[in-house]
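Following: one structure in structure tokens, then a few remarks.
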Amino acid sequence: MSAAAAASTLPTLQDALALGLTADEYELVCEKQDGPPNVLELAMYSLLWSEHCAYKHSKKLLRTLPTEGRYVVLGPGENAGAVDVGGGLACAFKVESHNHPSAVEPFQGAATGVGGILRDIFAIGARPIAVLDSLRFGEPAGESGTRTRYLLDGAVSGIGHYGNSIGVPTVGGEVYFEGPYEHNCLVNAMALGLAERARLVRSAAAGEGNVLVLFGASTGRDGIGGASVLASAELAVGDTSAGSDSDKRPTVQVGDPFEEKKLLECSLELLQRDLLVSLQDLGAAGLTSSAAEMASKGEVGIEIDVERVPLREADMEPFEVMVSESQERMLCVVEPGNVDAVLALCEKWEVGGAAIGSVTDSGRVRVVAGGVQVGDMPVRALVDDCPLYDLSPQKPAQPVYPAPAATLAAQATIEQTLLALLGCPNIASRRPLFEQYDAIVQSRTVRRPEQADAAVLALADGSALAVSIDCNGRRVAADPYRGTVETVLECAANLACVGAEPLGTTNNLNFGNPEKPHIAWQLAEAVRGLGDACRALAAPIVGGNVSLYNEGATGPIYPTPVIGMVGRLPDAHAAGNLGFAREGEEIALVGPFDPSADASELAKLRGEQLPDGLAEVDVAAVRGAHVAILEAVRAGAISSAHDIAEGGLAIALAECCLAGGIGARVALGEEFWQATARAAPRLRALSPAGERVTAALFGEGPGGFVVSGPSAALGELGERATVRRLGRVGGDALTIGGDDQLSLAISLQELALAHASLEELFS
């Protein structure tokens, strides 16, 4: 079809519906355009008005989140947020999802997710220094096992391929296996970067007559429609074979980390030499979103000639050029006198570059093909006037998720329970995953996976950054508000264990279809919890992402508000470890830990239905414990610190033993129960005694830490937080004793064997 024909062809309402717009939205587009849009215009509206780009079901909620704070340099609205880390430096960070592409093509979906989040970092002038990932899959055993292993292997390989090839370490992450993710896996990627604070660049286009330069890879047909076809609709679920949803594979982008490495270096040198007015990466919706959003932020117009765009496929239609999501591309605004220098630098880095348009004062996005106009749209209509929808939240009257199949006998002994939990997919060692990632490239990694609760990255002045990413979707499903509060507290607890104070937070809100009242309720409650927790911790939101419509024929995913948090510690050498370190040192449980079996990993193994709500959290008391722990770590007063999470106290003890290669002798004697009576009223009220012991060992809840250190240091810690002494480090086994109800001894060898259960998934 010629450019002139494309410009004159008018699609129908049915075409608009097929692209994801509603009938009312199509009518509004016609109103904004003073008539029906043509093919290109409709394609651009469908993408920029998609859920993925417009956040039309979540933007009103996101406006309630705290976004300002002492350390915030850049907040939401830029490619990435940034916080001040001292010494004139800023840390840029963000988390984003690539869920639906990864469910269709896991290797490329995950790989291009990493590539996209890295571009967000260097688009504001920061050099990427680390990647983390947050992954969710169905159960690895049973009927879903084949598909789960296919998706897991592909996603992990894709993350490793891209990060390892580009030379950015993957320093941490998490993975959960739950039935509700079987048909809709989650692949969230987080990245961090460093920049001189004074040299951070924004994305707003400016300066009438300035030139638009597109540089990086050539444009092809890969990724066309990804933001609307994949990211803003539920996945169809037919068969569960590896090839399911294969008709959507053309909308999945294909990445090249070596091309991105050149693009990264080229971008940073262009910025270092002050050759750019503004810079924007091309992600979802490609040129459409990057150009329109740059124009909107700068309150200007933009004109693009699609015939100037370097192509790698012949005969691409104008609309295909504008909506292609081909990877490894950047769009910049350049003063006319600097265009030759910009293109010369692109040539130096062997990166393609071309002047494709200009900044205007029209307030419109005008697309031409040679001398023929093929599209003309108001910037405000494209970017700012998408209708925002009010949710209709309603708490469900019946359980949304079925009870899991029981895998642990009700009469299982304490020893059998501990080993079953230690080897279950959500607790077992992640070593088979992270060994596929390079965690130490760039030589700044101080603490890597399974050495500490948070990754630690050294800075040049001797201080360090700490970063954690987390979410327990099962607990959020039980109580979206309190479960989200717990997730934020968990991230902060991880930072505290290495001695870091939170500076800022990013998030990726993964939910089902928000047009359904029960999903709207989950989303609204989770955002409320996120805001309250971040305000309480003085850890504001600096950016993030929303991924909705994560469900299929079998129902929605667990609500999964993934939280990423960055903190700072003054001395990298003082960063904490999770493993027990010295024979004879005392072990203690620190903090207002009041565990319950409700919504715990133990409850899952027992096949129990999710409860209707979680216990209220005393956020101030938990925060007080965080401060006490991080100060003790910074002072070198304690040898190890590990927060209690999935599996409860007994699993935390086992993990400390395995990480340190040394055993522990623990007694839940009278002193422990007396201290518990003051600190854990729910635990105190339990009867019979066996139930109380089970909850104490395997119950979950926020606020607890297992620490080890000299007796005097634990005494001093007890002046600032609740301390329950448990026993001493030593031996080659984990021994837990108490009354007649409790007596076990499991060797480190047995613990390690159980903990290595995921190895078979990668054999």
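FYI, nothing fancy with the structure tokens labels: chains A, B, ... in order, residues from 1 per chain, ligands from 1 as they appear.
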Show me, as CSV, the residues of stretch 250-303 of chain A having an atom within 6 Å of stretch 201-218 of chain A, each with the closest atom pair and its distance in Å, using only C-alpha atoms.
residue,atom,partner,partner_atom,distance
A:Leu263,CA,A:Gly216,CA,5.9
A:Ser278,CA,A:Ser203,CA,5.0
A:Leu279,CA,A:Ser203,CA,5.1
A:Gln280,CA,A:Ser203,CA,5.4
A:Met294,CA,A:Ala204,CA,4.6
A:Ala295,CA,A:Ala205,CA,5.4
A:Lys297,CA,A:Ala204,CA,4.8
A:Gly298,CA,A:Ala204,CA,4.5
With only C-alpha atoms as the counted atoms, please give the residues lying no more than 8 Å from A:Thr219, apart from itself and same-chain residues fewer than 3 positions off, as a list in words.
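Here the qualifying residues turn out to be Val309, Pro310, Leu311, Arg312, Glu313, Val321, Ser324 and Ser326 of chain A.
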Could those selected residues go to a file with N, CA and C atoms, as a PDB file, in the first residue's frame?
ATOM      1  N   VAL A 309      13.716   6.612   8.544  1.00  0.00           N
ATOM      2  CA  VAL A 309      14.020   5.632   9.595  1.00  0.00           C
ATOM      3  C   VAL A 309      14.758   4.447   8.985  1.00  0.00           C
ATOM      4  N   PRO A 310      15.954   4.113   9.470  1.00  0.00           N
ATOM      5  CA  PRO A 310      16.686   2.957   8.939  1.00  0.00           C
ATOM      6  C   PRO A 310      15.922   1.655   9.205  1.00  0.00           C
ATOM      7  N   LEU A 311      15.664   0.905   8.155  1.00  0.00           N
ATOM      8  CA  LEU A 311      14.874  -0.317   8.258  1.00  0.00           C
ATOM      9  C   LEU A 311      15.739  -1.542   7.982  1.00  0.00           C
ATOM     10  N   ARG A 312      15.367  -2.651   8.590  1.00  0.00           N
ATOM     11  CA  ARG A 312      16.041  -3.908   8.263  1.00  0.00           C
ATOM     12  C   ARG A 312      15.120  -4.842   7.489  1.00  0.00           C
ATOM     13  N   GLU A 313      13.874  -4.394   7.238  1.00  0.00           N
ATOM     14  CA  GLU A 313      12.936  -5.156   6.428  1.00  0.00           C
ATOM     15  C   GLU A 313      12.336  -4.228   5.373  1.00  0.00           C
ATOM     16  N   VAL A 321       6.325   1.133  10.933  1.00  0.00           N
ATOM     17  CA  VAL A 321       7.529   1.848  11.376  1.00  0.00           C
ATOM     18  C   VAL A 321       7.254   2.557  12.698  1.00  0.00           C
ATOM     19  N   SER A 324       6.541  -0.312  15.631  1.00  0.00           N
ATOM     20  CA  SER A 324       7.489  -1.405  15.853  1.00  0.00           C
ATOM     21  C   SER A 324       8.170  -1.267  17.211  1.00  0.00           C
ATOM     22  N   SER A 326      11.028  -2.928  17.888  1.00  0.00           N
ATOM     23  CA  SER A 326      12.389  -3.431  17.726  1.00  0.00           C
ATOM     24  C   SER A 326      13.269  -2.883  18.836  1.00  0.00           C
TER      25      SER A 326
END
Which of these, A:Asp479, A:Glu501, A:Asp376, A:Asp532, has the shortest distance to A:Ala466 once you count only C-alpha atoms?
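Of A:Asp479, A:Glu501, A:Asp376, A:Asp532, the one nearest A:Ala466 is A:Glu501, counting only C-alpha atoms.
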Would you kindly return, as a ChimeraX atom specification, each protein, DNA or RNA residue with an atom no farther than 8 Å from any atom of stretch 549-562 of chain A, considering only C-alpha atoms and excluding same-chain residues fewer than 3 positions away?
/A:100,134,180-181,183-184,231-237,469-474,476-477,480,484,487,507-514,522-523,526
Resulting file, chosen residues, C-alpha atoms, as a PDB file, in the first residue's frame:
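The file below, again_37.pdb, is the result:
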ATOM      1  CA  HIS A 100       2.964 -11.716  28.669  1.00  0.00           C
ATOM      2  CA  SER A 134      11.480 -11.279  40.337  1.00  0.00           C
ATOM      3  CA  PRO A 180      -2.195 -19.260  39.992  1.00  0.00           C
ATOM      4  CA  TYR A 181       0.871 -18.369  37.895  1.00  0.00           C
ATOM      5  CA  HIS A 183      -0.796 -19.900  32.675  1.00  0.00           C
ATOM      6  CA  ASN A 184       0.517 -16.388  33.289  1.00  0.00           C
ATOM      7  CA  ALA A 231       0.583  -6.332  27.526  1.00  0.00           C
ATOM      8  CA  SER A 232      -2.966  -4.986  27.789  1.00  0.00           C
ATOM      9  CA  ALA A 233      -5.096  -8.101  27.414  1.00  0.00           C
ATOM     10  CA  GLU A 234      -5.579 -11.456  29.073  1.00  0.00           C
ATOM     11  CA  LEU A 235      -3.652 -14.356  27.601  1.00  0.00           C
ATOM     12  CA  ALA A 236      -5.697 -16.972  25.796  1.00  0.00           C
ATOM     13  CA  VAL A 237      -5.256 -20.327  27.422  1.00  0.00           C
ATOM     14  CA  ILE A 469      13.380  -7.076  45.636  1.00  0.00           C
ATOM     15  CA  ASP A 470      10.501  -9.025  47.158  1.00  0.00           C
ATOM     16  CA  CYS A 471       6.829  -9.997  47.315  1.00  0.00           C
ATOM     17  CA  ASN A 472       4.904 -12.918  48.791  1.00  0.00           C
ATOM     18  CA  GLY A 473       1.850 -13.104  46.526  1.00  0.00           C
ATOM     19  CA  ARG A 474       0.099 -15.716  48.671  1.00  0.00           C
ATOM     20  CA  VAL A 476      -1.093 -10.471  49.523  1.00  0.00           C
ATOM     21  CA  ALA A 477      -3.901 -12.689  48.199  1.00  0.00           C
ATOM     22  CA  PRO A 480      -4.027  -7.213  49.896  1.00  0.00           C
ATOM     23  CA  THR A 484       1.566  -5.367  50.740  1.00  0.00           C
ATOM     24  CA  THR A 487       6.198  -6.859  51.473  1.00  0.00           C
ATOM     25  CA  ASN A 507       7.335  -1.144  42.434  1.00  0.00           C
ATOM     26  CA  ASN A 508       5.780  -3.375  39.809  1.00  0.00           C
ATOM     27  CA  LEU A 509       2.078  -3.953  40.422  1.00  0.00           C
ATOM     28  CA  ASN A 510       1.126  -7.297  38.833  1.00  0.00           C
ATOM     29  CA  PHE A 511      -2.617  -7.952  39.001  1.00  0.00           C
ATOM     30  CA  GLY A 512      -5.462  -9.518  37.076  1.00  0.00           C
ATOM     31  CA  ASN A 513      -8.265  -7.802  35.178  1.00  0.00           C
ATOM     32  CA  PRO A 514      -9.074  -4.498  36.981  1.00  0.00           C
ATOM     33  CA  GLN A 522      -7.052  -6.235  45.419  1.00  0.00           C
ATOM     34  CA  LEU A 523      -5.369  -3.443  43.456  1.00  0.00           C
ATOM     35  CA  ALA A 526      -2.498  -3.051  47.735  1.00  0.00           C
TER      36      ALA A 526
END
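Considering only C-alpha atoms, the residue among A:Gly283, A:Gly701, A:Pro169, A:Gly115 positioned nearest to A:His52 is A:Gly283.
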A:Leu48: which residues within 9 Å, counting only C-alpha atoms, same-chain residues fewer than 5 positions away excluded, as a PyMOL selection string?
chain A and resi 43+53-54+227-228+285+288-289+292+382-383+386
8 Å contact set for A:Leu275, only C-alpha atoms, chain neighbours under 2 positions out, as a list in words:
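With the cut-off at 8 Å, the set is Leu270, Leu271, Gln272, Arg273, Val277, Val334, Glu335, Asn338, Ala341 and Val342 of chain A.
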Hey, can you spit out that residue selection with N, CA and C atoms as a PDB file, in the first residue's frame?
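This went into selection-v2.pdb:
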ATOM      1  N   LEU A 270      27.608  10.537  24.322  1.00  0.00           N
ATOM      2  CA  LEU A 270      26.857  11.680  23.801  1.00  0.00           C
ATOM      3  C   LEU A 270      26.462  12.629  24.930  1.00  0.00           C
ATOM      4  N   LEU A 271      26.033  12.071  26.041  1.00  0.00           N
ATOM      5  CA  LEU A 271      25.647  12.897  27.177  1.00  0.00           C
ATOM      6  C   LEU A 271      26.856  13.538  27.833  1.00  0.00           C
ATOM      7  N   GLN A 272      27.941  12.781  27.946  1.00  0.00           N
ATOM      8  CA  GLN A 272      29.155  13.314  28.560  1.00  0.00           C
ATOM      9  C   GLN A 272      29.681  14.512  27.776  1.00  0.00           C
ATOM     10  N   ARG A 273      29.517  14.492  26.473  1.00  0.00           N
ATOM     11  CA  ARG A 273      29.990  15.575  25.617  1.00  0.00           C
ATOM     12  C   ARG A 273      28.936  16.658  25.402  1.00  0.00           C
ATOM     13  N   VAL A 277      19.966  17.405  23.847  1.00  0.00           N
ATOM     14  CA  VAL A 277      19.011  18.199  24.621  1.00  0.00           C
ATOM     15  C   VAL A 277      18.198  17.281  25.528  1.00  0.00           C
ATOM     16  N   VAL A 334      18.411  16.991  19.334  1.00  0.00           N
ATOM     17  CA  VAL A 334      19.756  17.537  19.113  1.00  0.00           C
ATOM     18  C   VAL A 334      19.633  18.922  18.477  1.00  0.00           C
ATOM     19  N   GLU A 335      20.425  19.858  18.943  1.00  0.00           N
ATOM     20  CA  GLU A 335      20.482  21.153  18.268  1.00  0.00           C
ATOM     21  C   GLU A 335      21.084  20.964  16.880  1.00  0.00           C
ATOM     22  N   ASN A 338      24.758  20.384  16.248  1.00  0.00           N
ATOM     23  CA  ASN A 338      25.419  19.216  16.844  1.00  0.00           C
ATOM     24  C   ASN A 338      25.077  17.908  16.131  1.00  0.00           C
ATOM     25  N   ALA A 341      28.061  15.947  14.746  1.00  0.00           N
ATOM     26  CA  ALA A 341      28.877  15.361  15.813  1.00  0.00           C
ATOM     27  C   ALA A 341      28.187  14.137  16.407  1.00  0.00           C
ATOM     28  N   VAL A 342      26.863  14.207  16.544  1.00  0.00           N
ATOM     29  CA  VAL A 342      26.121  13.060  17.074  1.00  0.00           C
ATOM     30  C   VAL A 342      26.236  11.862  16.130  1.00  0.00           C
TER      31      VAL A 342
END
Between atom CA of A:Ser50 and atom CA of A:Glu525, distance in Å (one decimal)
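So the answer is 23.2 Å.
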Go through stretch 35-240 of chain A and collect every residue that DSSP, computed from the backbone, puts in alpha helix (DSSP H); the answer should be as a PyMOL selection string.
chain A and resi 39-48+51-54+59-62+99-104+106-122+145-166
Of the listed residues A:Ala409, A:Leu282, A:Leu186, A:Ala458, that which approaches A:Ala130 most closely, counting only C-alpha atoms
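Nearest to A:Ala130: A:Ala458.
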Listing only residues of stretch 482-566 of chain A within 10 Å of stretch 575-592 of chain A, what is the closest atom pair and its distance in Å (to one decimal) for each, using only C-alpha atoms, sorted by chain and residue number ascending, as a tab-separated table?
residue	atom	partner	partner_atom	distance
A:Leu495	CA	A:Gly576	CA	9.4
A:Ala496	CA	A:Gly576	CA	8.7
A:Cys497	CA	A:Gly576	CA	5.9
A:Val498	CA	A:Gly576	CA	3.9
A:Gly499	CA	A:Ala575	CA	5.9
A:Ala500	CA	A:Ala575	CA	8.2
Quote the spacing between atom CA of A:Leu748 and atom CA of A:Arg149 in Å to one decimal place.
28.4 Å
Would you mind listing what lies within 8 Å of A:Gly375 as JSON, numbers by chain, with only C-alpha atoms counted and same-chain residues fewer than 5 positions away left out?
{"A": [7, 38, 40, 41, 365, 366, 367, 368]}
Write the residues of the selection above to a file with N, CA and C atoms, as a CSV table (one decimal), in the first residue's frame.
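part_26.csv was written with the following content:
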chain,number,residue,atom,x,y,z
A,7,ALA,N,-2.7,6.9,4.0
A,7,ALA,CA,-3.2,8.1,4.7
A,7,ALA,C,-4.7,8.2,4.5
A,38,ASN,N,-7.1,7.6,10.4
A,38,ASN,CA,-6.7,6.6,9.4
A,38,ASN,C,-6.0,5.4,10.0
A,40,LEU,N,-2.8,4.6,10.3
A,40,LEU,CA,-1.6,4.9,11.2
A,40,LEU,C,-2.1,5.6,12.5
A,41,GLU,N,-3.0,6.5,12.4
A,41,GLU,CA,-3.5,7.2,13.5
A,41,GLU,C,-4.2,6.3,14.5
A,365,VAL,N,1.7,15.7,16.7
A,365,VAL,CA,2.6,14.7,16.2
A,365,VAL,C,2.2,14.5,14.7
A,366,ARG,N,3.1,14.9,13.8
A,366,ARG,CA,2.8,14.9,12.4
A,366,ARG,C,3.7,13.8,11.8
A,367,VAL,N,3.2,12.8,11.1
A,367,VAL,CA,4.0,11.8,10.5
A,367,VAL,C,3.9,11.9,9.0
A,368,VAL,N,5.0,11.9,8.3
A,368,VAL,CA,5.1,12.0,6.9
A,368,VAL,C,5.9,10.9,6.3
Restricting the calculation to only C-alpha atoms: of A:Ala520, A:Leu751, A:Leu200, A:Leu151, which residue gets closest to A:Ala654?
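Closest to A:Ala654, using only C-alpha atoms: A:Leu751.
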Could you find all residues in stretch 167-407 of chain A that DSSP calls strand (DSSP E) from the backbone, and write them as a PyMOL selection string?
chain A and resi 170-177+186-196+211-216+278-281+301-305+329-334+352-360+364-369+372-378
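When atom CA of A:Gly529 is paired with atom CA of A:Asp612, their separation reads 16.5 Å.
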